[in-house]
Every structure is written in C-alpha cells, then in structure tokens.
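Notes follow the structure.
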Amino acid sequence: MPEIKNVLVTAYIKPENQKKLEQALAPANVTFCVPYGPGAKEKITQAAKGKDVCILNGDLDDSILPAKN
C-alpha cells in the first residue's frame, strides 16, 4: 500500500477532532481548508496540489480535479 504523506481535509471537523485526525494520519502532513467563504475554491485548488489523500466536505468538483499530484 502506498504511503500517505500529504492529506487535504475540506470537511468541517471540530478543532479537538482535528488533533485526533492528525494523530491518526501521522506522520502525514494534514492541511485543513474551510470549504466556504471568499476565495475558498482557489485556496482548495492550490492546497490540493501534491496531496495523496483528500477528505472532502462534499462532492468532488473542479477545485480538486485540476490539481496535479
């Protein structure tokens, strides 16, 4: 199984649970992005580049698809 090194999370997760998720995915680098708000789509598009895994808030869309790994 390939090693998970970089993870993007766009799902809303309470801060105390973010720590638990980071611990579960360690030693991977976990990046959290808020899926709503000004510039969210662009931020997610940039953050998705080079990620091995994305845990999404909803359906896969064009903010994730164009990211090159």
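Chain labels A, B, ... are given in the sequence in which chains occur in the structure tokens; within each chain residues are numbered consecutively from 1, and ligands are likewise numbered from 1 in the order shown.
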Contacts of segment 3-18 of chain A at 6 Å (only C-alpha atoms; same-chain gap of 5+ positions) as number ranges by chain: A: 28-35, 51-57
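Running DSSP on the backbone and keeping only strand (DSSP E), the residues of chain A that qualify are A:Asn6, A:Val7, A:Leu8, A:Val9, A:Asn29, A:Val30, A:Thr31, A:Phe32, A:Val53, A:Cys54, A:Ile55.
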DSSP alpha helix (DSSP H) residues within chain A, as a count of residues only: 20
